[in-house]
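Visitor: I have a structure here, written as C-alpha cells, and I will follow up with some questions on it.
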Amino acid sequence: MSKRTPKLLLRGAVVGEYGKDFVVTLKNFDNEEQNVSAYTGVAFYFRSPDGTKTIGCTGSYVTDGSDGRVQWSFSTGDPLDREGIWEGQLKLTQLGQLTRSYVFDLECDKSLG
C-alpha cells in the first residue's frame with residue numbers, strides 16, 4: 001500500500017499583495033529534502049477558489065536547488081485578487097519537459113487596510 005498524505009496548506013498570502021518571496025522546501029514522505037538542482041525550469045501555477053482565474057509565476061532556487069528550497073513571488077500585474085483557498089502546483093522541467101510536479105493549497109486572506 002502506498003503512503004498518502006493530505007495536500008499541504010500554505011498560509012501567509014493576502015489579497016492584492018505582491019513582491020513578497022514565498023519559500024518552500026521540497027521533501028519526500030520520509031521528510032528528507034529533495035535535491036532538485038538538475039531541473040532547469042521552476043514554475044508555479046495557482047487557480048482561484050472559484051476556478052475562473054489562473055496565475056503563473058516563474059520560480060527559482062533559493063540556493064542551488066540541492067537543498068530542495070524553491071521560491072516565487074506574485075507580480076504587480078497579477079496578484080491574488082480574491083480571498084480563499086487557491087490550488088497550487090509547482091512544476092519542475094528539464095529540457096522543456098515536465099519531469100516533477102508538486103500540488104498544494106495556498107490560503108489567501110483578505111486585506112485589512
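Convention: chains lettered A, B, ... in C-alpha cells order; per-chain residue numbering from 1; ligands numbered from 1 as shown.
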Determine, for each residue of region 52-78 of chain A having at least one atom at most 12 Å from an atom of region 12-16 of chain A, the closest pair of atoms and their separation in Å to one decimal, counting only C-alpha atoms; order by chain and ascending number, as JSON lines.
Guide:
```
{"residue": "A:Ser73", "atom": "CA", "partner": "A:Ala13", "partner_atom": "CA", "distance": 10.2}
{"residue": "A:Phe74", "atom": "CA", "partner": "A:Gly16", "partner_atom": "CA", "distance": 9.3}
{"residue": "A:Ser75", "atom": "CA", "partner": "A:Gly16", "partner_atom": "CA", "distance": 9.8}
{"residue": "A:Thr76", "atom": "CA", "partner": "A:Gly16", "partner_atom": "CA", "distance": 8.5}
{"residue": "A:Gly77", "atom": "CA", "partner": "A:Gly16", "partner_atom": "CA", "distance": 10.0}
{"residue": "A:Asp78", "atom": "CA", "partner": "A:Gly16", "partner_atom": "CA", "distance": 8.7}
```
Visitor: May I have the residues within 12 Å of region 42-52 of chain A as a VMD selection string, using only C-alpha atoms and disregarding those fewer than 4 positions away in the same chain?
Guide: chain A and resid 15 22 to 24 36 to 38 56 to 62 65 68 to 74 78 to 108
Visitor: Go through A:Thr25, A:Gly113, A:Leu10, A:Tyr18 and flag the residue nearest Thr63 (chain A), using only C-alpha atoms for the distances.
Guide: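 For Thr63 (chain A), the nearest of the given residues is A:Thr25.
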Visitor: Once DSSP has gone over the backbone, tell me which residues of chain A are in strand (DSSP E), as a PyMOL selection string.
Guide: chain A and resi 8-14+22-25+41-47+54-58+60-61+69-72+84-94+97-109
Visitor: Create the file for the chosen residues now, containing C-alpha atoms and written as an mmCIF file, in the first residue's frame.
Guide:
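Printed below is again-v2.cif as written:
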```
data_model
loop_
_atom_site.group_PDB
_atom_site.id
_atom_site.type_symbol
_atom_site.label_atom_id
_atom_site.label_comp_id
_atom_site.auth_asym_id
_atom_site.auth_seq_id
_atom_site.Cartn_x
_atom_site.Cartn_y
_atom_site.Cartn_z
ATOM 1 C CA LEU A 8 -0.173 20.723 2.005
ATOM 2 C CA LEU A 9 -1.740 24.051 3.009
ATOM 3 C CA LEU A 10 0.494 27.120 2.786
ATOM 4 C CA ARG A 11 -0.500 30.283 4.624
ATOM 5 C CA GLY A 12 0.611 33.900 4.583
ATOM 6 C CA ALA A 13 -0.823 35.321 1.350
ATOM 7 C CA VAL A 14 -3.004 38.455 1.362
ATOM 8 C CA PHE A 22 7.331 32.697 -0.723
ATOM 9 C CA VAL A 23 9.790 29.869 0.000
ATOM 10 C CA VAL A 24 9.050 26.157 0.254
ATOM 11 C CA THR A 25 11.318 23.186 0.889
ATOM 12 C CA GLY A 41 12.751 25.185 -15.118
ATOM 13 C CA VAL A 42 10.841 26.123 -11.968
ATOM 14 C CA ALA A 43 7.282 27.406 -12.364
ATOM 15 C CA PHE A 44 4.302 27.855 -10.034
ATOM 16 C CA TYR A 45 0.644 27.918 -11.070
ATOM 17 C CA PHE A 46 -2.363 28.963 -8.994
ATOM 18 C CA ARG A 47 -6.094 28.537 -9.613
ATOM 19 C CA THR A 54 -5.112 31.071 -13.201
ATOM 20 C CA ILE A 55 -1.857 32.820 -12.324
ATOM 21 C CA GLY A 56 1.594 31.655 -13.398
ATOM 22 C CA CYS A 57 4.788 32.643 -11.590
ATOM 23 C CA THR A 58 8.370 31.921 -12.517
ATOM 24 C CA SER A 60 13.818 29.966 -8.735
ATOM 25 C CA TYR A 61 16.121 28.174 -6.354
ATOM 26 C CA ARG A 69 14.341 25.145 -1.462
ATOM 27 C CA VAL A 70 12.416 26.983 -4.192
ATOM 28 C CA GLN A 71 10.756 30.393 -4.199
ATOM 29 C CA TRP A 72 8.300 32.592 -6.084
ATOM 30 C CA GLY A 84 -9.997 31.805 -0.120
ATOM 31 C CA ILE A 85 -8.076 28.625 -0.815
ATOM 32 C CA TRP A 86 -6.184 28.734 -4.108
ATOM 33 C CA GLU A 87 -4.973 25.482 -5.691
ATOM 34 C CA GLY A 88 -1.242 25.497 -6.380
ATOM 35 C CA GLN A 89 1.133 23.420 -8.446
ATOM 36 C CA LEU A 90 4.907 23.564 -8.731
ATOM 37 C CA LYS A 91 6.267 22.215 -12.000
ATOM 38 C CA LEU A 92 9.926 21.334 -12.465
ATOM 39 C CA THR A 93 11.090 20.827 -16.027
ATOM 40 C CA GLN A 94 14.182 19.537 -17.732
ATOM 41 C CA GLN A 97 9.547 18.571 -20.481
ATOM 42 C CA LEU A 98 7.581 18.258 -17.235
ATOM 43 C CA THR A 99 9.597 15.968 -15.025
ATOM 44 C CA ARG A 100 8.338 16.517 -11.492
ATOM 45 C CA SER A 101 5.260 18.174 -10.030
ATOM 46 C CA TYR A 102 4.033 19.048 -6.531
ATOM 47 C CA VAL A 103 0.482 20.116 -5.630
ATOM 48 C CA PHE A 104 -0.586 22.190 -2.639
ATOM 49 C CA ASP A 105 -3.155 24.729 -1.479
ATOM 50 C CA LEU A 106 -2.476 28.390 -0.686
ATOM 51 C CA GLU A 107 -4.705 30.230 1.767
ATOM 52 C CA CYS A 108 -5.250 33.872 0.817
ATOM 53 C CA ASP A 109 -6.645 36.210 3.474
#
```
Visitor: Using Å and a single decimal, report how far CA of Asp67 (chain A) sits from CA of Asn31 (chain A).
Guide: 12.3 Å
